[in-house]
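Shown below: target_5.cif, with mmCIF, C-alpha atoms.
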```
data_coords
#
loop_
_atom_site.label_atom_id
_atom_site.label_comp_id
_atom_site.auth_asym_id
_atom_site.auth_seq_id
_atom_site.Cartn_x
_atom_site.Cartn_y
_atom_site.Cartn_z
CA PRO A 1 0.00 0.00 0.00
CA PRO A 2 1.17 3.59 -0.60
CA LEU A 3 0.80 4.58 3.10
CA TRP A 4 0.23 8.31 3.56
CA THR A 5 0.33 10.60 0.54
CA GLU A 6 0.89 14.33 0.92
CA TRP A 7 0.55 17.56 -0.98
CA ASN A 8 4.19 18.40 -1.67
CA GLY A 9 4.61 22.08 -0.88
CA LYS A 10 8.34 21.90 -1.53
CA TYR A 11 7.59 20.71 -5.05
CA ARG A 12 5.36 23.75 -5.62
CA ASP A 13 7.92 26.21 -4.29
CA THR A 14 10.87 24.71 -6.15
CA VAL A 15 9.17 24.47 -9.53
CA ARG A 16 7.92 28.04 -9.21
CA ASP A 17 11.42 29.21 -8.29
CA LEU A 18 13.03 27.38 -11.20
CA TRP A 19 10.81 28.89 -13.88
CA ARG A 20 10.93 32.42 -12.47
CA GLY A 21 14.74 32.25 -12.58
CA GLU A 22 15.82 31.99 -8.96
CA PRO A 23 19.53 31.05 -8.47
CA ARG A 24 20.72 27.74 -7.00
CA THR A 25 17.56 25.80 -7.73
CA LEU A 26 18.84 22.93 -9.91
CA ALA A 27 19.74 20.47 -7.14
CA GLU A 28 16.45 21.00 -5.33
CA PHE A 29 14.56 20.78 -8.61
CA ALA A 30 16.19 17.45 -9.47
CA GLY A 31 14.93 15.99 -6.20
CA ARG A 32 11.39 17.25 -6.76
CA LEU A 33 11.27 16.06 -10.38
CA THR A 34 12.23 12.53 -9.34
CA GLY A 35 9.67 12.04 -6.57
CA SER A 36 11.21 13.76 -3.51
CA SER A 37 12.96 10.72 -2.06
CA ASP A 38 14.48 12.98 0.61
CA LEU A 39 10.99 13.50 2.00
CA TYR A 40 9.43 10.07 1.66
CA GLN A 41 11.96 7.27 1.23
CA ASP A 42 13.28 7.01 4.79
CA ASP A 43 9.93 5.79 6.18
CA GLY A 44 9.32 3.26 3.43
CA ARG A 45 7.13 5.37 1.18
CA ARG A 46 7.50 5.57 -2.59
CA PRO A 47 7.05 8.26 -5.26
CA LEU A 48 3.25 7.90 -5.02
CA ALA A 49 3.49 9.57 -1.61
CA SER A 50 4.24 12.89 -3.35
CA VAL A 51 1.18 14.75 -4.61
CA ASN A 52 2.87 17.25 -6.92
CA PHE A 53 1.24 20.59 -7.65
CA VAL A 54 2.09 24.10 -8.79
CA THR A 55 -1.27 25.67 -7.94
CA CYS A 56 -4.36 24.52 -6.04
CA HIS A 57 -7.74 25.86 -4.89
CA ASP A 58 -5.97 28.29 -2.56
CA GLY A 59 -3.67 31.01 -3.92
CA PHE A 60 -2.97 32.16 -7.46
CA THR A 61 -4.35 30.29 -10.43
CA LEU A 62 -1.78 29.21 -13.01
CA ARG A 63 -2.56 32.15 -15.27
CA ASP A 64 -2.32 34.59 -12.37
CA LEU A 65 0.97 33.00 -11.29
CA VAL A 66 2.53 34.22 -14.55
CA SER A 67 0.58 37.52 -14.65
CA TYR A 68 1.04 39.08 -11.20
CA ASP A 69 3.99 39.83 -8.96
CA SER A 70 1.68 40.79 -6.09
CA LYS A 71 -1.71 39.71 -4.79
CA HIS A 72 -4.70 41.90 -5.60
CA ASN A 73 -7.27 41.08 -2.93
CA GLU A 74 -8.91 44.49 -2.57
CA ALA A 75 -12.34 43.02 -3.35
CA ASN A 76 -12.12 40.91 -0.19
CA GLY A 77 -12.66 43.96 2.00
CA GLU A 78 -9.51 43.67 4.11
CA ASP A 79 -7.38 46.34 2.41
CA ASN A 80 -5.34 43.64 0.64
CA ARG A 81 -3.97 42.37 3.97
CA ASP A 82 -5.38 38.85 3.60
CA GLY A 83 -3.84 36.08 1.55
CA GLU A 84 -0.22 34.99 1.08
CA SER A 85 2.15 37.83 0.17
CA HIS A 86 5.12 35.69 -0.92
CA ASN A 87 3.78 33.78 -3.93
CA ARG A 88 6.97 33.03 -5.87
CA SER A 89 5.18 34.44 -8.90
CA TRP A 90 6.48 36.49 -11.84
CA ASN A 91 4.35 38.66 -14.10
CA CYS A 92 6.58 38.30 -17.19
CA GLY A 93 7.10 42.05 -17.46
CA ALA A 94 3.67 43.62 -16.84
CA GLU A 95 1.35 43.50 -13.85
CA GLY A 96 -2.04 42.04 -14.66
CA GLU A 97 -3.76 41.88 -18.02
CA SER A 98 -1.58 43.06 -20.91
CA ASP A 99 -2.05 43.51 -24.66
CA ASP A 100 1.72 43.34 -25.26
CA PRO A 101 2.18 40.34 -27.61
CA GLU A 102 5.62 39.51 -26.21
CA VAL A 103 4.31 39.43 -22.65
CA GLY A 104 1.38 37.29 -23.76
CA ALA A 105 3.61 34.83 -25.59
CA LEU A 106 5.96 34.50 -22.61
CA ARG A 107 3.08 33.92 -20.23
CA ALA A 108 1.66 31.21 -22.49
CA ARG A 109 5.08 29.55 -22.67
CA GLN A 110 5.48 29.69 -18.89
CA MET A 111 2.11 28.03 -18.41
CA ARG A 112 3.17 25.27 -20.82
CA ASN A 113 6.42 24.91 -18.85
CA PHE A 114 4.53 24.42 -15.59
CA VAL A 115 2.05 21.93 -17.06
CA ALA A 116 4.81 19.95 -18.79
CA THR A 117 7.03 19.87 -15.68
CA LEU A 118 4.10 18.63 -13.60
CA MET A 119 3.27 15.81 -16.01
CA LEU A 120 6.93 14.75 -16.40
CA SER A 121 7.54 14.49 -12.64
CA GLN A 122 7.52 11.27 -10.62
CA GLY A 123 4.68 11.16 -8.12
CA VAL A 124 1.00 12.06 -8.47
CA PRO A 125 0.21 15.21 -10.49
CA MET A 126 -2.51 17.54 -9.22
CA LEU A 127 -3.79 20.24 -11.57
CA GLY A 128 -5.92 23.10 -10.28
CA HIS A 129 -9.43 23.26 -11.73
CA GLY A 130 -9.51 25.57 -14.72
CA ASP A 131 -5.73 25.83 -15.01
CA GLU A 132 -5.89 23.59 -18.07
CA PHE A 133 -7.40 26.49 -20.00
CA GLY A 134 -5.87 29.41 -18.10
CA ARG A 135 -8.63 30.74 -15.87
CA THR A 136 -7.94 33.92 -13.88
CA GLN A 137 -9.11 35.42 -10.60
CA GLY A 138 -7.72 38.83 -11.49
CA GLY A 139 -4.78 38.42 -9.12
CA ASN A 140 -6.94 37.52 -6.11
CA ASN A 141 -5.15 34.73 -4.23
CA ASN A 142 -7.69 34.34 -1.41
CA ALA A 143 -11.03 34.15 -3.21
CA TYR A 144 -12.81 31.89 -0.71
CA CYS A 145 -15.23 34.73 0.09
CA GLN A 146 -16.08 35.54 -3.52
CA ASP A 147 -19.13 33.73 -4.89
CA ASN A 148 -19.10 35.71 -8.12
CA GLU A 149 -17.15 36.11 -11.36
CA ILE A 150 -13.85 36.40 -9.47
CA SER A 151 -13.97 32.74 -8.41
CA TRP A 152 -16.41 31.19 -10.89
CA VAL A 153 -14.95 28.86 -13.49
CA ARG A 154 -15.91 29.84 -17.04
CA TRP A 155 -15.86 26.46 -18.74
CA PRO A 156 -14.96 26.63 -22.44
CA ASP A 157 -17.73 26.40 -25.01
CA PRO A 158 -17.66 22.78 -26.22
CA GLU A 159 -18.64 23.99 -29.69
CA ALA A 160 -15.73 26.43 -29.92
CA PRO A 161 -12.22 25.51 -31.12
CA PRO A 162 -10.20 24.08 -28.20
CA GLU A 163 -8.02 26.45 -26.21
CA PRO A 164 -4.32 25.92 -27.11
CA LEU A 165 -3.37 25.39 -23.45
CA LEU A 166 -6.17 22.85 -23.04
CA GLU A 167 -4.93 20.91 -26.08
CA PHE A 168 -1.36 21.01 -24.77
CA THR A 169 -2.47 19.82 -21.32
CA ARG A 170 -4.37 16.93 -22.88
CA ALA A 171 -1.28 15.96 -24.88
CA MET A 172 0.94 16.02 -21.77
CA VAL A 173 -1.56 13.91 -19.80
CA ARG A 174 -1.63 11.43 -22.68
CA LEU A 175 2.18 11.29 -22.83
CA ARG A 176 2.32 10.55 -19.11
CA ARG A 177 -0.42 7.93 -19.28
CA GLU A 178 1.20 6.09 -22.19
CA HIS A 179 4.72 5.93 -20.69
CA PRO A 180 5.39 4.20 -17.36
CA VAL A 181 8.85 5.75 -17.18
CA PHE A 182 7.07 8.90 -15.92
CA ARG A 183 5.05 6.88 -13.38
CA ARG A 184 7.64 4.76 -11.61
CA ARG A 185 6.48 3.08 -8.42
CA ARG A 186 9.98 3.04 -6.94
CA PHE A 187 12.63 5.71 -6.68
CA PHE A 188 15.49 5.85 -9.15
CA HIS A 189 18.68 3.95 -8.27
CA GLY A 190 21.13 6.15 -10.18
CA ARG A 191 22.88 3.07 -11.61
CA PRO A 192 22.19 0.18 -14.02
CA VAL A 193 19.38 -1.97 -12.68
CA GLU A 194 20.05 -5.67 -12.15
CA GLY A 195 17.82 -7.92 -14.21
CA THR A 196 16.94 -5.37 -16.87
CA HIS A 197 19.88 -6.33 -19.12
CA ASP A 198 20.62 -2.68 -19.81
CA GLU A 199 24.08 -1.30 -19.13
CA LEU A 200 22.91 2.31 -18.83
CA SER A 201 21.88 3.86 -15.54
CA ASP A 202 18.14 4.24 -14.93
CA ILE A 203 18.69 8.02 -14.75
CA ALA A 204 21.54 10.37 -15.67
CA TRP A 205 21.96 14.15 -15.42
CA PHE A 206 23.83 16.30 -17.94
CA THR A 207 24.95 19.88 -18.41
CA PRO A 208 23.82 21.66 -21.57
CA GLU A 209 27.22 20.69 -23.00
CA GLY A 210 26.26 17.01 -22.76
CA GLU A 211 28.65 16.23 -19.90
CA GLU A 212 27.51 14.45 -16.74
CA MET A 213 26.73 16.88 -13.94
CA THR A 214 29.35 17.35 -11.22
CA GLY A 215 28.95 18.72 -7.71
CA ARG A 216 30.19 22.08 -8.90
CA ASP A 217 27.59 22.12 -11.68
CA TRP A 218 24.79 21.46 -9.21
CA GLU A 219 25.87 24.29 -6.91
CA ALA A 220 26.63 26.93 -9.56
CA ALA A 221 24.58 29.95 -8.53
CA GLN A 222 23.58 31.04 -12.02
CA ALA A 223 23.08 27.57 -13.54
CA ARG A 224 19.51 27.35 -14.82
CA ALA A 225 19.75 24.65 -17.48
CA LEU A 226 20.24 20.87 -17.50
CA SER A 227 19.06 17.69 -19.19
CA VAL A 228 18.03 14.38 -17.66
CA PHE A 229 17.98 10.92 -19.25
CA LEU A 230 15.17 8.56 -18.18
CA ASN A 231 15.93 4.96 -19.16
CA GLY A 232 12.76 3.14 -20.12
CA SER A 233 14.66 -0.16 -20.29
CA ALA A 234 15.74 0.07 -16.63
CA ILE A 235 12.44 0.14 -14.76
CA SER A 236 12.97 -2.08 -11.72
CA GLU A 237 9.38 -2.63 -10.63
CA PRO A 238 7.27 -5.26 -12.42
CA GLY A 239 3.84 -4.73 -13.94
CA PRO A 240 0.55 -5.64 -12.19
CA ARG A 241 0.95 -9.32 -13.16
CA GLY A 242 4.63 -9.53 -12.36
CA GLU A 243 5.74 -8.97 -15.94
CA PRO A 244 8.81 -6.86 -16.81
CA VAL A 245 8.03 -3.25 -17.71
CA ARG A 246 9.89 -1.69 -20.63
CA ASP A 247 9.28 1.69 -22.16
CA ASP A 248 10.77 4.21 -24.54
CA SER A 249 13.61 6.29 -23.12
CA PHE A 250 13.40 10.07 -22.82
CA LEU A 251 15.75 13.02 -22.61
CA LEU A 252 14.26 16.06 -20.87
CA LEU A 253 15.97 19.38 -21.60
CA PHE A 254 15.22 22.30 -19.28
CA ASN A 255 16.29 25.88 -19.99
CA ALA A 256 14.97 28.15 -17.24
CA SER A 257 17.34 30.99 -18.14
CA PRO A 258 15.96 34.02 -20.01
CA GLU A 259 18.40 33.54 -22.89
CA GLU A 260 18.40 30.79 -25.47
CA ARG A 261 20.85 27.98 -24.76
CA GLU A 262 22.55 25.40 -26.94
CA PHE A 263 22.27 21.81 -25.73
CA VAL A 264 24.34 18.83 -26.87
CA VAL A 265 22.55 15.47 -27.04
CA PRO A 266 24.70 13.18 -24.85
CA ASP A 267 26.70 10.39 -26.48
CA ALA A 268 26.16 6.73 -25.60
CA HIS A 269 22.53 7.17 -24.51
CA GLY A 270 20.84 6.66 -27.86
CA ALA A 271 21.69 7.15 -31.52
CA ARG A 272 18.43 8.70 -32.76
CA TRP A 273 15.80 10.77 -30.99
CA SER A 274 12.59 12.49 -31.99
CA THR A 275 11.24 15.70 -30.48
CA VAL A 276 7.82 15.16 -28.88
CA VAL A 277 7.45 18.35 -26.80
CA ASP A 278 8.83 21.85 -27.28
CA THR A 279 7.21 24.49 -25.09
CA ALA A 280 8.75 27.27 -27.21
CA LEU A 281 6.25 26.40 -29.96
CA PRO A 282 2.87 28.16 -29.76
CA ASP A 283 1.11 24.82 -29.25
CA GLY A 284 4.08 23.08 -27.60
CA LEU A 285 3.84 20.06 -29.90
CA PRO A 286 6.12 19.44 -32.91
CA ALA A 287 4.57 17.79 -35.94
CA ASP A 288 4.75 14.00 -35.87
CA GLY A 289 7.89 12.56 -37.40
CA GLU A 290 9.77 15.84 -37.55
CA ASP A 291 12.82 17.13 -35.68
CA LYS A 292 14.94 13.98 -35.58
CA VAL A 293 18.23 14.42 -33.74
CA GLY A 294 21.20 12.18 -33.06
CA ALA A 295 23.84 11.71 -30.39
CA GLY A 296 26.22 14.66 -30.37
CA ASP A 297 23.80 16.94 -32.23
CA ARG A 298 23.24 20.46 -30.97
CA LEU A 299 19.81 21.85 -30.20
CA THR A 300 19.01 25.48 -29.43
CA LEU A 301 16.35 25.95 -26.77
CA ALA A 302 14.55 29.25 -26.43
CA GLY A 303 14.82 31.06 -23.14
CA ARG A 304 12.46 29.68 -20.49
CA SER A 305 11.46 26.57 -22.38
CA LEU A 306 11.77 22.80 -22.20
CA THR A 307 12.08 20.10 -24.84
CA VAL A 308 11.35 16.38 -24.59
CA LEU A 309 13.17 13.88 -26.83
CA ARG A 310 12.07 10.26 -27.18
CA ARG A 311 14.08 7.17 -28.17
CA PRO A 312 11.94 4.13 -29.00
CA VAL A 313 12.46 1.00 -26.92
#
```

Show me, as structure tokens, the structure contained in the file I just sent.
Amino acid sequence: PPLWTEWNGKYRDTVRDLWRGEPRTLAEFAGRLTGSSDLYQDDGRRPLASVNFVTCHDGFTLRDLVSYDSKHNEANGEDNRDGESHNRSWNCGAEGESDDPEVGALRARQMRNFVATLMLSQGVPMLGHGDEFGRTQGGNNNAYCQDNEISWVRWPDPEAPPEPLLEFTRAMVRLRREHPVFRRRRFFHGRPVEGTHDELSDIAWFTPEGEEMTGRDWEAAQARALSVFLNGSAISEPGPRGEPVRDDSFLLLFNASPEEREFVVPDAHGARWSTVVDTALPDGLPADGEDKVGAGDRLTLAGRSLTVLRRPV
């Protein structure tokens, strides 16, 4: 049995800090992405103990998280004193609603980054209601007392074309559902797994230059980019009937810096890869069969974006 599961507040804080560009977040982020073993492993729990979230019913919505630096709770009647003041939010250059196309594009990309990170993380993802299509509360982060348009969810018209963020969220949920490497029931070992007949480690971390991360890399104050290899052929836990579980392997490339970065696809972890997610694209999803890359190739990631590469099993 999974024992107790918990909302993982450290996951929320760390993922918010990463994408808003806080220094010295990579090491903490790596732990949160892989199920927070530092929080749950010592008492026998597994990644399922971590309920991962970026937003919830309380606080900023996802859209407001990327649109406001400060809470705007004036409508609550307490002179904006209520609600959390330290939200780890970033407004992308303008407070509140903006008709600046660059601000709008960055906010949309940041929302895709948060949704993708959530669905690529080990543990149980929790998505706030309405965040899948970018609902707003106008910067109110304590709307419990508002039974009106501030807190109401405006569900999309089913006859209208789907919202781009909704389509992207559906695609990320589908990717997670179809690939058990994102839903491991045990923590990573950080080495080749006995019995899987695969000489590669079940997980490996790389700098943008394609070199394995060192202690100095993890602690570099301004480091905001890395890649992680998830080995689908080194899943240690069996399936529900005791059968071996094998999956495609994935390379996740994160660039949380504001500038574009060049990444090198690591050698010896797969000859050919295809791009399945790129949050820099307006819809976040490359066309099927395009963007093939090989070991040693160089990829340029836009600032504040992530890319997912897949190698078939």

Using only C-alpha atoms, what does the table of stretch 50-127 of chain A residues within 8 Å of stretch 23-38 of chain A look like, with each row giving the shortest atom pair and its distance in Å to one decimal, sorted by chain and ascending number, as a tab-separated table?
```
residue	atom	partner	partner_atom	distance
A:Ser50	CA	A:Gly35	CA	6.4
A:Thr117	CA	A:Leu33	CA	7.8
A:Leu120	CA	A:Leu33	CA	7.5
A:Ser121	CA	A:Leu33	CA	4.6
A:Gln122	CA	A:Gly35	CA	4.6
A:Gly123	CA	A:Gly35	CA	5.3
```

Output for the residues just chosen: C-alpha atoms as an mmCIF file, in the frame of the given file:
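out-v8.cif written:
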```cif
data_model
loop_
_atom_site.group_PDB
_atom_site.id
_atom_site.type_symbol
_atom_site.label_atom_id
_atom_site.label_comp_id
_atom_site.auth_asym_id
_atom_site.auth_seq_id
_atom_site.Cartn_x
_atom_site.Cartn_y
_atom_site.Cartn_z
ATOM 1 C CA SER A 50 4.240 12.890 -3.350
ATOM 2 C CA THR A 117 7.030 19.870 -15.680
ATOM 3 C CA LEU A 120 6.930 14.750 -16.400
ATOM 4 C CA SER A 121 7.540 14.490 -12.640
ATOM 5 C CA GLN A 122 7.520 11.270 -10.620
ATOM 6 C CA GLY A 123 4.680 11.160 -8.120
#
```

Could you give me, as a Markdown table, every stretch 49-141 of chain A residue with an atom at most 7 Å from stretch 270-293 of chain A, plus its closest atom pair and distance in Å to one decimal, counting all atoms listed in the file, rows ordered by chain then number?
```
| residue | atom | partner | partner_atom | distance |
| --- | --- | --- | --- | --- |
| A:Arg109 | CA | A:Thr279 | CA | 6.0 |
| A:Arg112 | CA | A:Thr279 | CA | 5.9 |
| A:Asn113 | CA | A:Thr279 | CA | 6.3 |
```

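Every residue that the PyMOL selection byres ((chain A and resi 72) around 8) selects in this file is listed here: Ser70, Lys71, Asn73, Glu74, Asn80, Gly138, Gly139, Asn140 and Asn141 of chain A.
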
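Minimum atom-to-atom distance to A:Ala234, evaluated using all atoms listed in the file, belongs to A:Pro192 out of A:Gly210, A:Pro156, A:Pro266, A:Pro192.
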
Can you tell me, as AutoDock Vina command-line options, the centre and edge lengths (Å, one decimal) of the axis-aligned box enclosing all of stretch 132-142 of chain A's listed atoms after padding each side by 5 Å?
```
--center_x -6.9 --center_y 31.2 --center_z -10.7 --size_x 14.3 --size_y 25.2 --size_z 28.6
```

* Minimum-distance residue to A:Leu18, chosen among A:Leu306, A:Ile150, A:Met126, A:Ile235 (using all atoms listed in the file) -> A:Leu306

* **Resolved residues for the PyMOL selection byres ((chain A and resi 160-163) around 12) as an MDAnalysis selection string** => chainID A and resid 108 130:135 155:159 164:170 282:283

* To do: I would like the residues chosen by the PyMOL selection byres ((chain A and resi 265) around 8) on the shown file; could you give them as a PyMOL selection string?
  => chain A and resi 210+263-264+266-267+294-299

* **Which residue of A:Cys92, A:Tyr11, A:Glu178, A:Phe187 approaches A:Gln41 most closely, using all atoms listed in the file** =>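 Result for the nearest residue to A:Gln41: A:Phe187.
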
* To do: Would you mind reading off the distance between atom CA of A:Asp64 and atom CA of A:Gly96, one decimal, in Å?
  =>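 About the pair atom CA of A:Asp64 and atom CA of A:Gly96: they are 7.8 Å apart.
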
* Could you work out how far atom CA of A:Glu22 lies from atom CA of A:Asp100, giving the answer in Å with one decimal? ->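 Going from atom CA of A:Asp100 over to atom CA of A:Glu22 covers 24.4 Å.
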
* Need the neighbours of (17.7, 15.0, -13.1): which residues are at most 7 Å away, counting all atoms listed in the file, as an MDAnalysis selection string? -> chainID A and resid 30 204:205 227:228

* To do: Name the residues in contact with A:Phe206 at a cut-off of 6 Å, using only C-alpha atoms, excluding same-chain residues fewer than 6 positions from it; report them as JSON, numbers by chain.
  => {"A": [212, 213, 226, 227]}

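Using all atoms listed in the file, the nearest neighbour of A:Leu62 within the list A:Val313, A:Leu127, A:Val245, A:Ala75 is A:Leu127.
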
* Pick from A:Thr307, A:Thr214, A:Thr55, A:Ser236: nearest to A:Leu252, with only C-alpha atoms counted? ->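 Once distances to A:Leu252 are computed over only C-alpha atoms, the minimum belongs to A:Thr307.
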
* **Top pick for closest residue to A:Phe254, considering A:Ala116, A:Val51, A:Ala221, A:Ala105 and counting only C-alpha atoms** =>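 Residue with the minimum atom-to-atom distance to A:Phe254: A:Ala116.
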
* Asked: What is the distance, in Å and to one decimal place, between atom CA of A:Gly215 and atom CA of A:Val54?
  ->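 Atom-to-atom, atom CA of A:Gly215 and atom CA of A:Val54 are spaced 27.4 Å apart.
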
* Asked: What's the 7 Å shell around A:Trp90, counting all atoms listed in the file, without same-chain residues fewer than 5 positions away, as a ChimeraX atom specification?
  -> /A:20,65-69
